[in-house]
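Asker: Before I ask anything, here is the structure I am working with.
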Protein chains: 4
Amino acid sequence: MKSSIDINCDLGEYSNHALADKDEAIMPYISSANIATGFHSGDPLTMLMTVRLCKKYGVAVGAHPSFPDREGFGRRNMDLGLDELYAILVYQIGALKSICETEGIALHHVKPHGALYNMSATHAEMSRVMIRAIRSVGEELVLYGLSGSEHERMAKDEGHPFAAEAFADRAYTTGGYLMPRSEPGAVYDNQRDSINQALSLAKTGIVTAASGEQIRLRVDSICLHGDHEDAELLAKRLYGRLAEEGVLVKSVR
Amino acid sequence: MKSSIDINCDLGEYSNHALADKDEAIMPYISSANIATGFHSGDPLTMLMTVRLCKKYGVAVGAHPSFPDREGFGRRNMDLGLDELYAILVYQIGALKSICETEGIALHHVKPHGALYNMSATHAEMSRVMIRAIRSVGEELVLYGLSGSEHERMAKDEGHPFAAEAFADRAYTTGGYLMPRSEPGAVYDNQRDSINQALSLAKTGIVTAASGEQIRLRVDSICLHGDHEDAELLAKRLYGRLAEEGVLVKSVR
Amino acid sequence: MKSSIDINCDLGEYSNHALADKDEAIMPYISSANIATGFHSGDPLTMLMTVRLCKKYGVAVGAHPSFPDREGFGRRNMDLGLDELYAILVYQIGALKSICETEGIALHHVKPHGALYNMSATHAEMSRVMIRAIRSVGEELVLYGLSGSEHERMAKDEGHPFAAEAFADRAYTTGGYLMPRSEPGAVYDNQRDSINQALSLAKTGIVTAASGEQIRLRVDSICLHGDHEDAELLAKRLYGRLAEEGVLVKSVR
Amino acid sequence: MKSSIDINCDLGEYSNHALADKDEAIMPYISSANIATGFHSGDPLTMLMTVRLCKKYGVAVGAHPSFPDREGFGRRNMDLGLDELYAILVYQIGALKSICETEGIALHHVKPHGALYNMSATHAEMSRVMIRAIRSVGEELVLYGLSGSEHERMAKDEGHPFAAEAFADRAYTTGGYLMPRSEPGAVYDNQRDSINQALSLAKTGIVTAASGEQIRLRVDSICLHGDHEDAELLAKRLYGRLAEEGVLVKSVR
């Protein structure tokens with residue numbers, strides 16, 4: 001059984017600075033933040049303010065780059081050339097890296113957002129280009145990606161650091177993939193279910209698939225969603241339960 | 001009389017990659033490029049392609065950051081807080097710096113665009129924040145700004161490298177400022193006038209104001225506009241005339 | 001004492017369609033919706049979905065146009081020419097009008113957003129151009145604006161229908177203006193205070209200024225903010241209290 | 001042989017108002033303008049100014065809607081739901097319709113842009129949704145689409161007015177489709193070839209495919225590209241040649 005686990009959360013996904021309080025409330029209970037870099041949400045000032053929050057709470061800063069799609073919150077598949085994919089990643093990661101440096105901290109990881117995450121998870125060539133773009137900005141920048149996906153395979157192939165991510169509030173197929181959001185029951189609406197799945201993933205990597213079968217995943221980090229109304233409460237409870245079981249919330253590497 | 005002068009030009013100000021040819025045509029005749037960083041024009045792939053052109057032709061790469069105003073081409077005054085001004089500059093300059101690094105070359109300078117250029121030229125506090133943002137990304141990044149303006153004063157005050165810019169095709173007031181574009185005759189439509197003014201500025205820093213008076217400016221770089229139909233021709237002729245007079249076209253520092 | 005009052009709320013201010021539930025929850029308790037038209041927030045599909053909600057609940061549809069400033073949520077002063085101001089208003093109002101028509105309902109009103117609201121409230125010429133833009137799309141489109149401001153004066157001057165708006169959760173100066181958000185106490189954080197002020201405004205138009213003095217405003221509509229976590233609860237309670245006092249929640253005209 | 005032909009051109013595809021002169025230069029030689037509606041290029045003020053130019057020169061005004069993709073100039077395939085496709089079309093067409101009305105002229109047609117044009121040309125369901133969106137704004141708004149494509153079939157199926165478009169400067173396959181831009185020779189760089197093809201298309205609808213075979217197309221309108229440097233010259237020469245042959249340049253219907 002593991003003695004520590006990383007908890008990551010997508011933050012800075014707004015352009016209304018009044019919402020910064022919501023992001024701060026969750027900070028004490030997570031170890032990694034994925035900060036929106038302006039292409040699906042967020043903006044430079046929000047990025048700067050969120051980096052400052054991460055510094056204050058000792059949370060590792062990651063870039064959360066997206067397809068250029070503010071209108072669709074980065075959730076729409078887009079048909080970009082590989083050279084453009086490369087360029088939009090270097091741009092977004094580089095922008096956040098400079099914002100981190102201006103605050104005297106280091107950028108730690110990269111987690112692709114939305115449609116970019118899902119498309120690249122099953123598309124080897126997209127994953128390879130993504131990893132090369134990340135490496136060109138920093139060879140140490142850990143890729144946070146889907147456990148068992150092309151993210152993991154291509155990171156291994158390119159010799160790039162990788163953290164396998166699993167989800168507290170999403171149902172899994174027997175093959176270890178996420179149930180599509182369009183299926184009933186794909187997203188848990190019960191906080192207890194989310195906490196139980198997160199605890200099991202954190203301790204053993206075992207998750208009960210929608211079929212009832214138990215499957216085992218590599219799990220370096222667990223993703224909590226920060227945009228639920230009760231996100232803070234879920235994060236706090238999970239943190240407490242992990243503590244009771246002797247599991248520390250701690251960033252990878 | 002000077003033996004060399006920098007010629008700078010704004011490039012990458014489109015999102016239609018078919019236009020890259022126009023930018024390439026002017027490359028042999030300039031020494032510095034100011035590349036649009038996506039806030040008034042341009043996009044990551046255009047930035048990458050333009051950086052590659054600069055590398056090919058030995059042209060120094062500069063960032064050309066703007067207010068966030070694609071709809072208005074960055075030409076509208078905007079009322080941003082100083083913290084937001086700082087953040088948008090670090091974001092844009094950092095993004096281009098990473099794109100330069102991925103191509104193995106160094107970012108060389110920063111020249112603010114449009115309304116950001118004009119507002120900060122007469123606004124000490126904006127100039128100071130701008131220079132601090134530039135320094136936080138790189139202390140060596142030369143600020144290209146208006147000769148004799150707050151750009152120059154604040155750069156001196158902060159101990160930051162500065163290049164004084166003058167314009168080939170713009171009329172000057174007796175005080176050494178640019179005539180507002182709204183005045184008749186503010187922008188020369190005759191190529192010969194532009195070339196003659198550029199030659200005088202390059203060799204002696206002397207320009208004939210609209211009043212007829214001769215004034216003297218500090219001139220480290222001359223700005224040519226790349227969006228005229230005959231931009232390439234103007235650049236080529238000026239380059240030839242400077243060569244005849246023994247003045248080399250060469251980047252600052 | 002009035003027997004009815006309009007309650008208006010800004011809706012559709014997101015691009016993440018999952019948030020539509022929040023907007024629907026408040027619908028039973030309001031009579032007018034101001035729908036974001038894509039320049040500070042929102043997008044065409046969100047507009048269409050929000051128009052459908054309005055139709056379902058019998059809520060009057062208004063356009064909520066903004067300066068072109070998604071990055072700043074339309075809260076930053078911008079320096080637009082009057083011809084551009086005119087054009088952005090016709091564009092946004094026309095777009096929502098067509099979306100209403102495709103659903104077989106009529107666009108009812110226009111309420112400017114954020115910095116556009118505040119700047120035009122004290123700027124006669126901006127208000128006049130705004131009203132002319134509204135009239136060019138539809139002479140029947142009621143302008144919702146600040147009670148006692150240039151909105152009201154210019155609407156009268158142009159012979160255009162006007163609804164005077166007051167705010168449940170904002171402190172007033174003795175002169176009848178809103179306290180700037182930057183002042184302490186400018187925005188009420190106590191729901192009871194908001195409900196009491198709304199009740200007084202609805203029944204008598206009387207509000208207690210921050211100085212303690214009682215002032216009287218023309219009040220045709222009361223604005224509730226929909227982006228608070230407890231917006232639905234506030235709307236529901238106010239609706240109940242108004243019902244107890246015999247005041248009907250009903251759209252203007 | 002035909003006695004008249006429509007010549008259409010994409011205009012207003014910029015956000016730098018200085019470029020309006022280029023658009024005006026071509027006006028005397030065309031009969032229909034497709035005005036960018038802000039999603040791939042253009043902005044409300046440019047739209048208003050271009051509508052005024054159309055009014056001055058008696059050119060029919062069309063909307064040129066796009067996927068929401070300013071970064072990619074609307075040339076990237078995007079995976080939008082049909083409800084969102086519907087909404088973005090009503091929004092863009094409605095916005096331009098209101099701008100036309102404010103100038104006292106009628107919107108005449110709709111021509112989809114870039115990737116939206118190409119995807120819908122071979123996708124029956126997209127074409128059907130597009131036509132329904134157009135009809136909801138105005139049943140009289142002629143769809144300009146690709147001759148022999150799903151545009152034409154679905155317009156017939158929905159009983160909607162249609163104008164079949166052919167291209168002066170693009171090579172055709174034997175099947176009557178456009179050669180992909182990626183193929184060598186797909187876009188003519190020789191003005192004489194473009195004029196000869198346009199003349200043949202205008203008079204007889206016959207075009208020589210890349211294979212050498214002659215094919216016959218339904219041709220109601222010929223598209224000229226306005227973003228070439230010599231666009232004005234091409235338009236002027238074609239206009240002159242058509243006049244010599246007794247073919248009038250005249251909008252459909």
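Starting from 1 in every chain, residues are counted up; chains themselves are A, B, ... following the order of the structure tokens, and ligands are numbered from 1 as listed.
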For the structure I just gave you, how does DSSP split region 64-136 of chain A - specifically, which residues are helix (DSSP H, G or I)? Reply as a ChimeraX atom specification.

Answerer: /A:82-102,114-121,124-136

Asker: List every residue of chain A that has an atom at most 7 Å from any atom of chain B, giving for each one its closest atom pair and the distance in Å to one decimal, counting only C-alpha atoms, sorted by chain and then by ascending residue number, as JSON lines.

Answerer:
{"residue": "A:Pro44", "atom": "CA", "partner": "B:Ala87", "partner_atom": "CA", "distance": 5.2}
{"residue": "A:Leu45", "atom": "CA", "partner": "B:Ala87", "partner_atom": "CA", "distance": 5.2}
{"residue": "A:Leu48", "atom": "CA", "partner": "B:Ala87", "partner_atom": "CA", "distance": 6.5}
{"residue": "A:Glu84", "atom": "CA", "partner": "B:Leu45", "partner_atom": "CA", "distance": 5.2}
{"residue": "A:Ala87", "atom": "CA", "partner": "B:Pro44", "partner_atom": "CA", "distance": 5.2}
{"residue": "A:Ile88", "atom": "CA", "partner": "B:Pro44", "partner_atom": "CA", "distance": 5.3}
{"residue": "A:Val90", "atom": "CA", "partner": "B:Ile99", "partner_atom": "CA", "distance": 6.2}
{"residue": "A:Tyr91", "atom": "CA", "partner": "B:Ala95", "partner_atom": "CA", "distance": 4.5}
{"residue": "A:Gln92", "atom": "CA", "partner": "B:Ala95", "partner_atom": "CA", "distance": 6.4}
{"residue": "A:Gly94", "atom": "CA", "partner": "B:Ala95", "partner_atom": "CA", "distance": 4.6}
{"residue": "A:Ala95", "atom": "CA", "partner": "B:Ala95", "partner_atom": "CA", "distance": 4.3}
{"residue": "A:Leu96", "atom": "CA", "partner": "B:Tyr91", "partner_atom": "CA", "distance": 6.7}
{"residue": "A:Ser98", "atom": "CA", "partner": "B:Gly94", "partner_atom": "CA", "distance": 5.0}
{"residue": "A:Ile99", "atom": "CA", "partner": "B:Val90", "partner_atom": "CA", "distance": 6.2}
{"residue": "A:Thr102", "atom": "CA", "partner": "B:Ser136", "partner_atom": "CA", "distance": 5.3}
{"residue": "A:Ser136", "atom": "CA", "partner": "B:Thr102", "partner_atom": "CA", "distance": 5.3}
{"residue": "A:Val137", "atom": "CA", "partner": "B:Ser98", "partner_atom": "CA", "distance": 6.2}

Asker: For those residues, write N, CA and C atoms to a file as an mmCIF file, in the first residue's frame.

Answerer:
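File part37.cif, as written:
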data_model
loop_
_atom_site.group_PDB
_atom_site.id
_atom_site.type_symbol
_atom_site.label_atom_id
_atom_site.label_comp_id
_atom_site.auth_asym_id
_atom_site.auth_seq_id
_atom_site.Cartn_x
_atom_site.Cartn_y
_atom_site.Cartn_z
ATOM 1 N N PRO A 44 -3.868 36.006 -18.376
ATOM 2 C CA PRO A 44 -2.575 36.182 -17.698
ATOM 3 C C PRO A 44 -2.683 36.593 -16.227
ATOM 4 N N LEU A 45 -3.597 37.518 -15.891
ATOM 5 C CA LEU A 45 -3.671 37.951 -14.493
ATOM 6 C C LEU A 45 -4.181 36.826 -13.596
ATOM 7 N N LEU A 48 -1.303 34.548 -13.006
ATOM 8 C CA LEU A 48 -0.369 35.099 -12.023
ATOM 9 C C LEU A 48 -0.918 34.947 -10.601
ATOM 10 N N GLU A 84 1.083 22.866 -35.850
ATOM 11 C CA GLU A 84 0.330 23.840 -35.067
ATOM 12 C C GLU A 84 0.126 23.330 -33.638
ATOM 13 N N ALA A 87 3.186 24.122 -31.811
ATOM 14 C CA ALA A 87 3.330 25.564 -31.543
ATOM 15 C C ALA A 87 2.404 26.040 -30.425
ATOM 16 N N ILE A 88 1.148 25.575 -30.409
ATOM 17 C CA ILE A 88 0.238 26.069 -29.362
ATOM 18 C C ILE A 88 0.666 25.554 -27.989
ATOM 19 N N VAL A 90 3.956 24.866 -27.025
ATOM 20 C CA VAL A 90 5.142 25.622 -26.594
ATOM 21 C C VAL A 90 4.712 27.014 -26.120
ATOM 22 N N TYR A 91 3.805 27.637 -26.850
ATOM 23 C CA TYR A 91 3.313 28.979 -26.499
ATOM 24 C C TYR A 91 2.696 28.988 -25.103
ATOM 25 N N GLN A 92 1.741 28.108 -24.860
ATOM 26 C CA GLN A 92 1.014 28.120 -23.586
ATOM 27 C C GLN A 92 1.911 27.726 -22.408
ATOM 28 N N GLY A 94 5.200 27.877 -22.291
ATOM 29 C CA GLY A 94 6.207 28.920 -22.134
ATOM 30 C C GLY A 94 5.670 30.141 -21.404
ATOM 31 N N ALA A 95 4.430 30.506 -21.711
ATOM 32 C CA ALA A 95 3.827 31.677 -21.055
ATOM 33 C C ALA A 95 3.709 31.440 -19.554
ATOM 34 N N LEU A 96 3.226 30.255 -19.147
ATOM 35 C CA LEU A 96 3.074 29.987 -17.713
ATOM 36 C C LEU A 96 4.432 29.822 -17.042
ATOM 37 N N SER A 98 7.146 31.440 -17.716
ATOM 38 C CA SER A 98 7.658 32.783 -17.417
ATOM 39 C C SER A 98 6.921 33.405 -16.237
ATOM 40 N N ILE A 99 5.633 33.162 -16.140
ATOM 41 C CA ILE A 99 4.878 33.690 -14.997
ATOM 42 C C ILE A 99 5.361 33.039 -13.704
ATOM 43 N N THR A 102 8.717 34.652 -12.753
ATOM 44 C CA THR A 102 8.582 36.006 -12.207
ATOM 45 C C THR A 102 8.201 35.957 -10.729
ATOM 46 N N SER A 136 10.743 20.544 -25.212
ATOM 47 C CA SER A 136 11.465 21.707 -25.750
ATOM 48 C C SER A 136 11.390 22.885 -24.772
ATOM 49 N N VAL A 137 10.352 22.910 -23.921
ATOM 50 C CA VAL A 137 10.270 23.965 -22.901
ATOM 51 C C VAL A 137 11.005 23.524 -21.628
#

Asker: If I take CA of Glu71 (chain B) and CA of Tyr144 (chain D), how far is one from the other in Å, to one decimal?

Answerer: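 These two atoms are separated by 26.8 Å.
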
Asker: May I have the residues within 10 Å of Arg253 (chain A) as a JSON list (two decimals) with N, CA, C and O atoms, in the first residue's frame, using only C-alpha atoms and disregarding those fewer than 5 positions away in the same chain?

Answerer:
[["chain", "number", "residue", "atom", "x", "y", "z"],
["A", 6, "ASP", "N", -0.58, 11.91, -4.92],
["A", 6, "ASP", "CA", -0.77, 13.28, -5.42],
["A", 6, "ASP", "C", -2.26, 13.51, -5.69],
["A", 6, "ASP", "O", -2.95, 12.64, -6.22],
["A", 108, "HIS", "N", 6.17, 22.82, -12.81],
["A", 108, "HIS", "CA", 6.40, 21.44, -12.41],
["A", 108, "HIS", "C", 5.89, 20.40, -13.41],
["A", 108, "HIS", "O", 6.50, 19.37, -13.64],
["A", 142, "VAL", "N", 6.90, 17.10, -15.85],
["A", 142, "VAL", "CA", 6.18, 15.82, -15.82],
["A", 142, "VAL", "C", 4.89, 15.91, -16.64],
["A", 142, "VAL", "O", 4.12, 16.86, -16.48],
["A", 161, "PRO", "N", 9.43, 12.04, -18.12],
["A", 161, "PRO", "CA", 8.74, 11.73, -16.87],
["A", 161, "PRO", "C", 7.22, 11.79, -17.01],
["A", 161, "PRO", "O", 6.69, 12.72, -17.62],
["A", 163, "ALA", "N", 3.27, 10.98, -14.99],
["A", 163, "ALA", "CA", 2.45, 10.63, -13.82],
["A", 163, "ALA", "C", 1.10, 10.12, -14.31],
["A", 163, "ALA", "O", 0.40, 10.81, -15.06]]

Asker: Excluding region 195-212 of chain A and residues on its chain fewer than 2 positions from it, collect all residues at most 10 Å away from it, counting only C-alpha atoms, and give them as a PyMOL selection string.

Answerer: chain A and resi 1-7+165-179+185-186+190-193+214-224+234-235+237-239+241-242+245-249

Asker: Mind pulling up the distance from CA of Cys9 (chain A) to CA of Ala243 (chain A)?

Answerer: 18.6 Å

Asker: Identify, on the basis of only C-alpha atoms, every residue whose closest approach to Ala124 (chain B) does not exceed 12 Å; exclude the query and any residue fewer than 2 positions from it along the same chain; express the result as a PyMOL selection string.

Answerer: chain B and resi 82+118-122+126-131+149-158

Asker: Give me, please, the distance in Å between CA of Asp23 (chain B) and CA of Ala106 (chain B), quoted to one decimal.

Answerer: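 Between CA of Asp23 (chain B) and CA of Ala106 (chain B) the gap is 20.0 Å.
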